[in-house]
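Colleague: I'm passing along data.cif; it holds mmCIF, C-alpha atoms and all ligand atoms.
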```
data_query
loop_
_atom_site.label_atom_id
_atom_site.label_comp_id
_atom_site.auth_asym_id
_atom_site.auth_seq_id
_atom_site.Cartn_x
_atom_site.Cartn_y
_atom_site.Cartn_z
CA MET T 162 121.52 57.20 121.00
CA PRO T 163 124.32 58.32 123.40
CA LEU T 164 123.58 61.64 125.06
CA SER T 165 126.93 63.17 123.98
CA LEU T 166 126.11 62.59 120.32
CA PHE T 167 122.67 64.17 120.75
CA THR T 168 124.22 67.24 122.41
CA ARG T 169 126.81 67.63 119.66
CA ASN T 170 124.14 67.58 116.95
CA ARG T 171 121.97 70.08 118.71
CA LYS T 172 124.87 72.51 119.16
CA ALA T 173 125.82 72.24 115.49
CA LEU T 174 122.35 73.40 114.52
CA LEU T 175 122.31 76.12 117.12
CA SER T 176 125.62 77.52 115.97
CA ARG T 177 124.41 77.41 112.38
CA CYS T 178 121.66 79.82 113.44
CA GLN T 179 123.92 81.94 115.63
CA ASP T 180 126.71 82.34 113.05
CA ASP T 181 124.61 82.82 109.97
CA TYR T 182 126.06 85.57 107.79
CA ALA T 183 122.85 86.38 105.91
CA THR T 184 120.98 86.87 109.18
CA LYS T 185 123.72 89.06 110.63
CA MET T 186 123.69 91.28 107.54
CA ARG T 187 119.91 91.48 107.56
CA LEU T 188 119.85 92.57 111.19
CA LYS T 189 122.65 95.08 110.62
CA TYR T 190 121.08 96.84 107.61
CA ALA T 191 117.44 96.13 108.58
CA PRO T 192 115.90 96.22 105.11
CA TYR T 193 113.17 93.65 105.83
CA TYR T 194 110.46 92.79 108.36
CA HIS T 195 109.47 96.40 109.05
CA ALA T 196 106.34 96.38 111.20
CA MET T 197 104.14 99.34 110.41
CA GLU T 198 102.18 101.01 113.16
CA ALA T 199 99.20 102.04 111.04
CA GLN T 200 97.81 101.90 107.51
CA THR T 201 95.09 103.60 105.52
CA GLY T 202 95.14 102.65 101.87
CA THR T 203 98.59 103.42 100.45
CA ASN T 204 99.53 105.51 103.52
CA VAL T 205 101.47 103.68 106.21
CA ARG T 206 103.14 104.81 109.42
CA LEU T 207 106.59 103.49 110.23
CA ASN T 208 108.62 104.55 113.26
CA GLY T 209 106.25 107.45 113.78
CA ARG T 210 106.58 108.73 110.18
CA ASP T 211 103.91 108.80 107.51
CA MET T 212 105.06 107.03 104.36
CA ILE T 213 103.72 106.05 100.97
CA MET T 214 103.49 102.30 100.38
CA LEU T 215 105.03 101.70 96.96
CA SER T 216 105.60 97.99 97.05
CA SER T 217 102.44 96.18 98.10
CA ASN T 218 100.58 93.91 95.68
CA ASP T 219 97.20 95.50 96.33
CA TYR T 220 96.96 96.19 92.60
CA LEU T 221 93.27 97.02 92.48
CA GLY T 222 93.38 98.79 95.84
CA LEU T 223 90.51 96.76 97.29
CA SER T 224 91.99 96.16 100.75
CA PHE T 225 90.21 99.27 102.05
CA HIS T 226 87.05 98.97 99.95
CA PRO T 227 84.08 99.38 102.34
CA LYS T 228 82.17 96.42 100.88
CA VAL T 229 85.20 94.15 101.23
CA ILE T 230 85.76 95.15 104.84
CA GLU T 231 82.09 94.69 105.65
CA ALA T 232 82.06 91.22 104.05
CA GLY T 233 85.06 90.11 106.11
CA GLN T 234 83.46 91.32 109.34
CA ALA T 235 80.07 89.76 108.57
CA ALA T 236 81.60 86.38 107.71
CA MET T 237 83.40 86.25 111.04
CA SER T 238 80.21 87.10 112.94
CA LYS T 239 78.32 84.38 111.10
CA TRP T 240 80.89 81.57 110.94
CA GLY T 241 83.39 82.31 113.72
CA THR T 242 87.07 82.89 113.18
CA SER T 243 88.21 79.55 111.74
CA THR T 244 87.04 76.05 110.89
CA THR T 245 90.19 74.74 112.64
CA GLY T 246 90.40 71.80 110.30
CA ALA T 247 91.35 70.55 106.86
CA ARG T 248 88.85 70.54 104.01
CA THR T 249 89.32 66.77 103.71
CA SER T 250 87.98 66.14 107.19
CA ASN T 251 86.08 68.64 109.35
CA GLY T 252 87.01 71.97 107.71
CA SER T 253 84.83 72.23 104.59
CA ARG T 254 82.10 74.84 104.59
CA PHE T 255 79.59 76.08 102.08
CA TYR T 256 81.49 79.36 101.61
CA HIS T 257 84.61 77.48 100.44
CA VAL T 258 82.66 75.69 97.75
CA GLU T 259 80.91 78.92 96.73
CA LEU T 260 84.19 80.80 96.34
CA GLU T 261 85.68 77.93 94.35
CA GLU T 262 82.71 77.87 92.03
CA LYS T 263 82.85 81.63 91.50
CA LEU T 264 86.59 81.61 90.83
CA ALA T 265 86.25 78.68 88.41
CA GLU T 266 83.45 80.44 86.53
CA PHE T 267 85.37 83.73 86.36
CA LEU T 268 88.45 81.95 85.01
CA GLY T 269 86.48 79.86 82.51
CA ARG T 270 87.40 76.59 84.22
CA GLU T 271 85.33 73.65 85.41
CA ALA T 272 86.67 73.57 88.94
CA CYS T 273 88.89 75.23 91.50
CA HIS T 274 90.47 74.48 94.86
CA ILE T 275 91.55 77.10 97.42
CA HIS T 276 94.34 76.93 100.02
CA VAL T 277 95.45 79.08 102.97
CA ALA T 278 98.32 80.55 100.97
CA GLY T 279 99.16 81.23 97.35
CA TYR T 280 102.50 79.60 98.13
CA LEU T 281 100.71 76.30 98.87
CA SER T 282 98.48 76.51 95.82
CA CYS T 283 101.34 77.17 93.43
CA LEU T 284 103.64 74.63 95.06
CA SER T 285 100.96 71.93 94.86
CA SER T 286 100.12 72.85 91.25
CA VAL T 287 103.47 71.29 90.45
CA ALA T 288 104.01 68.75 93.23
CA ALA T 289 100.58 67.14 92.92
CA PHE T 290 100.89 66.31 89.23
CA ALA T 291 104.57 65.71 88.44
CA GLN T 292 106.45 62.75 89.84
CA LYS T 293 109.77 60.96 89.74
CA GLY T 294 110.73 60.10 86.17
CA ASP T 295 108.83 63.05 84.68
CA LEU T 296 110.54 66.02 83.07
CA ILE T 297 109.75 69.59 84.14
CA LEU T 298 110.65 72.52 81.90
CA ALA T 299 110.88 75.60 84.08
CA ASP T 300 111.48 79.25 83.20
CA LYS T 301 114.60 80.05 85.19
CA ASN T 302 113.00 83.08 86.88
CA ILE T 303 109.95 81.39 88.42
CA HIS T 304 108.93 82.02 92.03
CA SER T 305 110.38 80.10 94.94
CA CYS T 306 107.07 78.27 95.62
CA LEU T 307 107.25 76.68 92.18
CA TRP T 308 110.86 75.58 92.74
CA ASP T 309 109.74 74.03 96.03
CA GLY T 310 106.96 72.21 94.17
CA ILE T 311 109.49 70.96 91.62
CA ARG T 312 111.82 69.70 94.37
CA LEU T 313 108.98 67.93 96.18
CA SER T 314 107.79 66.25 92.98
CA MET T 315 111.22 64.54 92.57
CA ALA T 316 110.86 64.99 88.79
CA THR T 317 113.88 65.89 86.66
CA VAL T 318 114.06 69.59 85.97
CA GLU T 319 115.49 71.51 83.02
CA ARG T 320 115.59 75.31 83.11
CA PHE T 321 115.09 77.43 80.02
CA SER T 322 116.11 81.08 79.63
CA HIS T 323 113.66 83.55 81.05
CA ASN T 324 110.60 83.98 78.82
CA SER T 325 112.43 82.46 75.86
CA PRO T 326 110.41 80.18 73.57
CA GLU T 327 113.57 79.74 71.48
CA ASP T 328 115.46 78.28 74.41
CA LEU T 329 112.49 76.15 75.47
CA ARG T 330 112.45 74.65 71.98
CA ASN T 331 116.21 74.05 72.04
CA VAL T 332 116.08 72.34 75.43
CA LEU T 333 113.19 70.10 74.42
CA THR T 334 114.71 69.22 71.08
CA SER T 335 118.15 68.50 72.45
CA LEU T 336 116.77 66.27 75.20
CA GLY T 337 114.40 64.35 72.94
CA SER T 338 112.98 62.84 76.12
CA GLU T 339 110.09 60.39 76.11
CA ALA T 340 109.18 61.21 79.74
CA ALA T 341 105.86 62.78 80.73
CA LYS T 342 106.45 66.54 80.62
CA MET T 343 105.30 69.66 82.42
CA MET T 344 106.04 73.30 81.61
CA VAL T 345 106.04 75.72 84.57
CA ILE T 346 105.82 79.45 83.95
CA GLU T 347 104.37 82.62 85.46
CA GLY T 348 101.83 84.85 83.73
CA VAL T 349 103.40 88.06 85.01
CA TYR T 350 106.85 87.78 86.58
CA SER T 351 106.68 89.47 89.95
CA MET T 352 110.20 90.91 90.02
CA GLU T 353 110.57 91.78 86.36
CA GLY T 354 107.00 92.81 85.53
CA HIS T 355 107.28 90.84 82.27
CA ILE T 356 104.27 89.20 80.67
CA ALA T 357 104.85 85.56 79.64
CA ARG T 358 105.17 84.99 75.89
CA LEU T 359 102.26 82.63 76.22
CA PRO T 360 101.33 82.14 72.53
CA GLU T 361 104.80 80.89 71.57
CA LEU T 362 105.48 79.02 74.82
CA THR T 363 102.19 77.12 74.79
CA GLU T 364 102.57 76.27 71.11
CA ILE T 365 105.92 74.59 71.79
CA ALA T 366 104.55 72.96 74.94
CA GLU T 367 101.68 71.50 72.92
CA GLU T 368 104.01 70.16 70.24
CA HIS T 369 105.95 68.29 72.93
CA GLY T 370 102.95 67.12 74.94
CA CYS T 371 103.75 69.29 78.00
CA PHE T 372 101.15 69.73 80.71
CA THR T 373 101.20 73.51 81.31
CA VAL T 374 101.13 75.10 84.77
CA LEU T 375 100.72 78.88 84.86
CA ASP T 376 101.28 80.78 88.10
CA ASP T 377 99.22 83.91 87.57
CA ALA T 378 99.61 85.48 91.01
CA HIS T 379 100.48 88.84 89.41
CA GLY T 380 98.43 88.54 86.22
CA PHE T 381 95.14 87.81 87.98
CA GLY T 382 93.23 91.07 88.50
CA VAL T 383 95.68 92.94 86.27
CA LEU T 384 95.44 91.45 82.76
CA GLY T 385 92.58 90.10 80.67
CA ARG T 386 88.89 90.99 80.65
CA ARG T 387 88.00 92.44 84.06
CA GLY T 388 91.26 90.96 85.38
CA ARG T 389 90.75 87.35 84.28
CA GLY T 390 94.51 87.04 83.93
CA THR T 391 97.24 86.25 81.46
CA ALA T 392 95.61 83.30 79.67
CA ASP T 393 92.53 85.42 79.05
CA HIS T 394 94.69 88.36 77.91
CA PHE T 395 95.98 86.14 75.08
CA ASN T 396 92.70 84.28 74.66
CA LEU T 397 94.58 81.04 75.35
CA ASN T 398 92.66 79.51 78.22
CA ASP T 399 92.44 76.17 76.46
CA LYS T 400 96.24 75.94 76.11
CA VAL T 401 96.88 76.08 79.85
CA ASP T 402 96.08 73.00 81.96
CA VAL T 403 96.41 74.52 85.43
CA VAL T 404 96.18 78.16 86.52
CA CYS T 405 97.25 78.86 90.06
CA GLY T 406 97.52 82.13 91.92
CA SER T 407 97.29 84.10 95.09
CA MET T 408 94.38 85.82 96.80
CA SER T 409 96.78 88.14 98.65
CA LYS T 410 97.24 90.50 95.72
CA SER T 411 94.34 91.76 93.58
CA LEU T 412 91.79 89.94 95.74
CA ALA T 413 92.99 91.82 98.85
CA SER T 414 92.73 88.72 101.05
CA THR T 415 95.14 85.90 101.79
CA GLY T 416 95.18 82.39 100.37
CA GLY T 417 95.59 80.84 96.97
CA PHE T 418 93.71 78.98 94.26
CA ILE T 419 94.17 76.34 91.60
CA ALA T 420 91.75 76.31 88.68
CA ALA T 421 91.56 73.56 86.07
CA SER T 422 89.29 70.87 84.65
CA ARG T 423 87.20 68.90 87.15
CA GLU T 424 89.26 65.76 86.74
CA ILE T 425 92.51 67.64 87.41
CA ILE T 426 91.10 69.25 90.56
CA GLU T 427 89.68 65.94 91.82
CA TYR T 428 93.09 64.30 91.23
CA LEU T 429 94.68 67.14 93.25
CA ARG T 430 92.24 66.50 96.10
CA SER T 431 93.27 62.83 96.17
CA HIS T 432 97.03 63.28 95.90
CA SER T 433 98.23 66.68 97.07
CA LYS T 434 99.54 66.55 100.64
CA GLN T 435 99.25 70.34 100.96
CA THR T 436 95.59 70.03 100.00
CA ILE T 437 94.76 67.05 102.18
CA PHE T 438 96.63 67.92 105.37
CA SER T 439 96.41 71.72 105.68
CA ALA T 440 93.57 73.64 107.34
CA ALA T 441 90.88 75.37 105.32
CA ILE T 442 90.91 79.13 104.78
CA SER T 443 89.07 81.20 107.34
CA PRO T 444 85.54 82.59 106.84
CA SER T 445 86.72 86.20 106.61
CA GLN T 446 89.54 85.31 104.18
CA ALA T 447 87.02 83.61 101.88
CA ALA T 448 84.39 86.34 102.14
CA ILE T 449 86.95 89.04 101.41
CA ALA T 450 88.17 87.23 98.31
CA GLN T 451 84.66 86.53 97.10
CA THR T 452 83.57 90.15 97.53
CA SER T 453 86.71 91.44 95.81
CA LEU T 454 85.99 89.08 92.93
CA GLN T 455 82.49 90.49 92.65
CA ILE T 456 83.81 94.07 92.73
CA MET T 457 86.34 93.26 89.99
CA GLN T 458 83.41 92.36 87.78
CA GLN T 459 81.06 95.16 88.80
CA GLU T 460 83.47 98.09 89.15
CA PRO T 461 85.90 98.23 86.22
CA GLN T 462 87.16 101.65 87.36
CA HIS T 463 89.73 100.04 89.68
CA LEU T 464 91.44 98.21 86.82
CA GLU T 465 91.32 101.33 84.63
CA LYS T 466 92.85 103.42 87.41
CA LEU T 467 95.55 100.82 88.00
CA TRP T 468 96.69 101.04 84.38
CA ALA T 469 96.44 104.85 84.26
CA ASN T 470 98.59 105.01 87.41
CA THR T 471 101.05 102.48 85.98
CA ARG T 472 101.52 104.44 82.74
CA ARG T 473 102.02 107.68 84.67
CA TYR T 474 104.54 106.09 87.03
CA ARG T 475 106.56 104.41 84.28
CA ALA T 476 106.79 107.67 82.32
CA MET T 477 108.09 109.40 85.44
CA LEU T 478 110.79 106.75 86.01
CA LYS T 479 111.77 106.94 82.35
CA SER T 480 112.18 110.71 82.52
CA LEU T 481 114.68 110.13 85.35
CA GLY T 482 116.62 107.68 83.20
CA LEU T 483 115.88 104.71 85.48
CA ASP T 484 116.05 101.14 84.19
CA THR T 485 112.71 99.35 84.69
CA TRP T 486 113.80 96.07 83.02
CA GLU T 487 111.17 96.61 80.31
CA SER T 488 108.38 95.97 82.79
CA GLU T 489 105.01 95.86 81.06
CA THR T 490 102.82 95.69 84.15
CA PRO T 491 102.17 97.41 87.53
CA ALA T 492 105.04 95.38 89.06
CA VAL T 493 107.87 97.77 88.26
CA PRO T 494 111.49 97.03 89.21
CA ILE T 495 114.12 99.73 89.34
CA VAL T 496 117.26 97.88 88.32
CA LEU T 497 120.41 99.32 89.87
CA GLY T 498 122.84 96.47 89.21
CA SER T 499 124.59 96.01 92.55
CA LYS T 500 123.55 95.56 96.15
CA GLU T 501 125.42 98.70 97.21
CA ARG T 502 123.52 100.89 94.73
CA VAL T 503 120.24 99.22 95.66
CA TYR T 504 120.87 99.96 99.32
CA LEU T 505 121.69 103.64 98.68
CA PHE T 506 118.62 104.10 96.49
CA TRP T 507 116.28 102.26 98.85
CA ARG T 508 117.56 104.23 101.86
CA ALA T 509 117.13 107.55 100.05
CA LEU T 510 113.52 106.64 99.22
CA MET T 511 112.93 105.67 102.87
CA GLU T 512 114.38 109.00 103.97
CA LYS T 513 111.88 110.77 101.70
CA GLY T 514 108.95 108.74 103.02
CA VAL T 515 108.53 106.18 100.21
CA PHE T 516 108.47 102.51 101.23
CA THR T 517 109.92 100.03 98.72
CA VAL T 518 111.60 96.63 98.91
CA MET T 519 115.19 95.71 98.04
CA SER T 520 115.76 92.59 96.01
CA ILE T 521 119.32 91.49 95.52
CA ALA T 522 121.09 88.47 94.03
CA PRO T 523 120.54 85.52 94.42
CA ALA T 524 116.83 86.46 94.72
CA VAL T 525 117.29 88.13 91.30
CA PRO T 526 119.89 87.28 88.62
CA ALA T 527 123.40 88.67 89.29
CA GLY T 528 123.67 92.25 88.01
CA LYS T 529 119.92 92.74 88.16
CA ASP T 530 119.84 93.83 91.82
CA LEU T 531 116.79 96.02 92.12
CA VAL T 532 114.34 97.99 94.18
CA ARG T 533 110.91 96.45 93.69
CA THR T 534 108.00 98.82 93.39
CA ALA T 535 104.39 98.10 92.55
CA ILE T 536 101.53 100.36 91.64
CA SER T 537 98.06 100.31 93.11
CA ALA T 538 94.81 101.82 91.87
CA MET T 539 94.77 103.58 95.26
CA HIS T 540 97.86 105.76 94.62
CA THR T 541 96.79 109.38 94.33
CA GLU T 542 97.97 112.33 92.28
CA GLU T 543 99.44 113.96 95.37
CA GLN T 544 101.32 110.74 96.23
CA PHE T 545 102.77 110.56 92.72
CA GLU T 546 104.16 114.07 93.13
CA ARG T 547 105.85 113.04 96.38
CA ILE T 548 107.10 109.81 94.79
CA ALA T 549 108.59 111.77 91.85
CA GLU T 550 110.46 114.08 94.23
CA ALA T 551 111.75 111.11 96.24
CA MET T 552 112.91 109.30 93.08
CA ALA T 553 114.79 112.37 91.85
CA TYR T 554 116.45 112.65 95.27
CA ALA T 555 117.41 108.94 95.25
CA VAL T 556 118.94 109.26 91.77
CA ARG T 557 121.14 112.11 93.05
CA LYS T 558 122.28 109.89 95.94
CA LEU T 559 123.70 107.18 93.63
C1 LIG B 1 104.52 84.46 91.49
C2 LIG B 1 104.05 84.17 92.87
N1 LIG B 1 103.48 82.99 93.13
C3 LIG B 1 103.03 82.68 94.37
C4 LIG B 1 103.15 83.56 95.41
C5 LIG B 1 102.71 83.16 96.78
O1 LIG B 1 101.53 83.79 97.13
P1 LIG B 1 101.15 84.10 98.67
O2 LIG B 1 101.96 85.29 99.06
O3 LIG B 1 99.70 84.37 98.61
O4 LIG B 1 101.49 82.91 99.47
C6 LIG B 1 103.71 84.81 95.18
C7 LIG B 1 103.85 85.77 96.28
O5 LIG B 1 104.74 86.50 96.43
C8 LIG B 1 104.18 85.13 93.89
O6 LIG B 1 104.76 86.30 93.62
#
```
As structure tokens, what does this structure read like?

Modeller:
Amino acid sequence: MPLSLFTRNRKALLSRCQDDYATKMRLKYAPYYHAMEAQTGTNVRLNGRDMIMLSSNDYLGLSFHPKVIEAGQAAMSKWGTSTTGARTSNGSRFYHVELEEKLAEFLGREACHIHVAGYLSCLSSVAAFAQKGDLILADKNIHSCLWDGIRLSMATVERFSHNSPEDLRNVLTSLGSEAAKMMVIEGVYSMEGHIARLPELTEIAEEHGCFTVLDDAHGFGVLGRRGRGTADHFNLNDKVDVVCGSMSKSLASTGGFIAASREIIEYLRSHSKQTIFSAAISPSQAAIAQTSLQIMQQEPQHLEKLWANTRRYRAMLKSLGLDTWESETPAVPIVLGSKERVYLFWRALMEKGVFTVMSIAPAVPAGKDLVRTAISAMHTEEQFERIAEAMAYAVRKL
């Protein structure tokens, strides 16, 4: 290849990075990538100021549980920091298998596989099973990792309206396709806080022979008996083929899981590139998740507190006339409808010491620009009083 051509290509990519509008705006308004200097529970320190964390996904508040911390430390002392290898080759350890067995048992499944990120688990829950020529029916509001899985699978995709069994039925009927089919949905939608209409959706999926993939990153730990998730909440475990999720939320670790029948998990281990070629999760990651799982079953008070906090918080937002998009869960959006209003509201909350996250179109549907908040079992009465004051102040700033 002539050198001049090589140089021209390289510069085109460099200038793409240098001129990028989204990056320039992000750096100008600095809403993301805030590095906190310290954290204890839901208290964080940012730029020397103490703030309340109101947007983490530590739903059960286990990230500072003494037993969880101790388990993470002990695992590192015993096993070192990392296996530095993929499960397929040199990276499998007894503690991986143990965690998979415990997760599978908890979720009422035969088998489970864990990955270094929920993103990888959920992506491969789609990409490993669907292929070119198949038809995927996807709720139009699913998470980016599922869209990536869909793209990688090379299957044809049809979107249906968010959480709408009626539209799912229409799409399936109008297509009348003979292809192998998959339905991809979330249990609890992370931006909206909506619970999937699983009974109706799975009934239609069954009628049309759809393999059902449920991303329960935000339902796990939050819904169902002792936090068994959305399928358990509806008592519909047998209608869902694959449940995937994240260990970075209720399990207070990092990583992800896929739970299903043994034959599905063994197929995944043969065919999923993300499973075969990515390193195993670290000893402390696994021990933290396993201990959190045990605590979820032994200490129901965290789940009870989470829901008590959620009800209290939602009532407070309602009294201020804020639109929470009919959220039914601890993931509570405050819909403000435009990026300008979101920015004003978010900045006012920051000023008052409450940390939240802005989410604007295209990350959310146009007109649904929002400030994402999420409740933890760790939020205290005193923090709720400060949050209420900050919310009232932010409303006045609009
Ligand atoms: C619905 C959903 N699926 C998957 C993921 C990815 O999980 P992780 O952050 O553990 O990679 C997330 C995280 O934001 C999520 O919200």

Colleague: Any residue with an atom at most 9 Å from ligand LIG 1 (chain B) counts, using only C-alpha atoms and all ligand atoms. Which are they? Put them as an NGL selection string.

Modeller: :T and (218 or 277-284 or 303-307 or 347-352 or 376-379 or 405-410 or 414-417)

Colleague: Nearest residue to Thr334 of chain T out of T:Val205, T:Val374, T:Ala191, T:Ala366, using only C-alpha atoms?

Modeller: T:Ala366

Colleague: Using all atoms listed in the file, can you tell me which of T:Pro326, T:Gly202, T:Gly252, T:Gly482 comes closest to Ala440 of chain T?

Modeller: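 Once distances to Ala440 of chain T are computed over all atoms listed in the file, the minimum belongs to T:Gly252.
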
Colleague: Counting only C-alpha atoms, figure out which residue out of T:Leu296, T:Val532, T:Met344, T:Ala235 gets nearest to Lys500 of chain T.

Modeller: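 Closest residue, counting only C-alpha atoms: T:Val532.
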
Colleague: For the point (112.7, 72.0, 85.1) in file coordinates, what residues are within 7 Å, counting all atoms listed in the file? Give the answer as a ChimeraX atom specification?

Modeller: /T:296-299,317-320

Colleague: Which residue out of T:His355, T:Leu481, T:Lys558, T:Leu497 has the minimum interatomic distance to Ala509 of chain T when only C-alpha atoms are used?

Modeller: T:Lys558

Colleague: Report as a PyMOL selection string all protein, DNA and RNA residues lying within 6 Å of Ser499 of chain T, evaluated on all atoms listed in the file, omitting residues in the same chain fewer than 2 positions from it.

Modeller: chain T and resi 497+501-502+528+530

Colleague: Restricting the calculation to all atoms listed in the file: of T:Val383, T:Ala549, T:Leu264, T:Val496, which residue gets closest to Pro526 of chain T?

Modeller: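 Smallest distance to Pro526 of chain T is found for T:Val496.
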
Colleague: Using all atoms listed in the file, find each residue in segment 267-338 of chain T having at least one atom no more than 8 Å away from segment 430-436 of chain T; report its shortest atom-to-atom pair and that distance in Å (one decimal), rows by chain then rising number, as a tab-separated table.

Modeller:
```
residue	atom	partner	partner_atom	distance
T:His276	CA	T:Thr436	CA	7.0
T:Leu281	CA	T:Gln435	CA	6.5
T:Ser285	CA	T:Ser433	CA	6.3
T:Ala288	CA	T:Ser433	CA	7.2
T:Ala289	CA	T:Ser433	CA	4.8
```

Colleague: What does the distance from atom CA of Ala553 of chain T to atom CA of Ser216 of chain T come to in Å, to one decimal?

Modeller: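 One can read the atom CA of Ala553 of chain T to atom CA of Ser216 of chain T distance as 17.8 Å.
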
Colleague: Could you tell me how far atom CA of Glu460 of chain T sits from atom CA of Thr201 of chain T, in Å to one decimal place?

Modeller: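 Atom CA of Thr201 of chain T sits 20.8 Å away from atom CA of Glu460 of chain T.
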
Colleague: Which residue gives the smallest distance to Val258 of chain T among T:Leu505, T:Ala447, T:Leu510, T:Leu329, with only C-alpha atoms counted?

Modeller: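 The closest residue to Val258 of chain T is T:Ala447.
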
Colleague: Counting all atoms listed in the file, what is within 12 Å of Ser422 of chain T, bar same-chain residues fewer than 5 positions away, as a ChimeraX atom specification?

Modeller: /T:265-266,268-274,398-399,401-404,427-429

Colleague: Expressed in Å to a single decimal, how great is the separation between atom CA of Ser411 of chain T and atom CA of Ile456 of chain T?

Modeller: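 Straight-line distance from atom CA of Ser411 of chain T to atom CA of Ile456 of chain T works out to 10.8 Å.
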
Colleague: Could you pull the residues within 9 Å of Met457 of chain T, counting only C-alpha atoms, minus those fewer than 5 positions along the same chain, as a list in words?

Modeller: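 My list of contacting residues is Leu221, Gly382, Arg387, Gly388, Ser411, Leu412, Thr452, Gln462, His463 and Leu464 of chain T.
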
Colleague: Please produce a file of the residues just selected, as a short mmCIF file (atom, residue, chain, number, x, y, z; two decimals), keeping the file's coordinate frame, where the atoms kept are C-alpha atoms.

Modeller:
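Saved the output as result.cif:
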```
data_model
loop_
_atom_site.label_atom_id
_atom_site.label_comp_id
_atom_site.auth_asym_id
_atom_site.auth_seq_id
_atom_site.Cartn_x
_atom_site.Cartn_y
_atom_site.Cartn_z
CA LEU T 221 93.27 97.02 92.48
CA GLY T 382 93.23 91.07 88.50
CA ARG T 387 88.00 92.44 84.06
CA GLY T 388 91.26 90.96 85.38
CA SER T 411 94.34 91.76 93.58
CA LEU T 412 91.79 89.94 95.74
CA THR T 452 83.57 90.15 97.53
CA GLN T 462 87.16 101.65 87.36
CA HIS T 463 89.73 100.04 89.68
CA LEU T 464 91.44 98.21 86.82
#
```
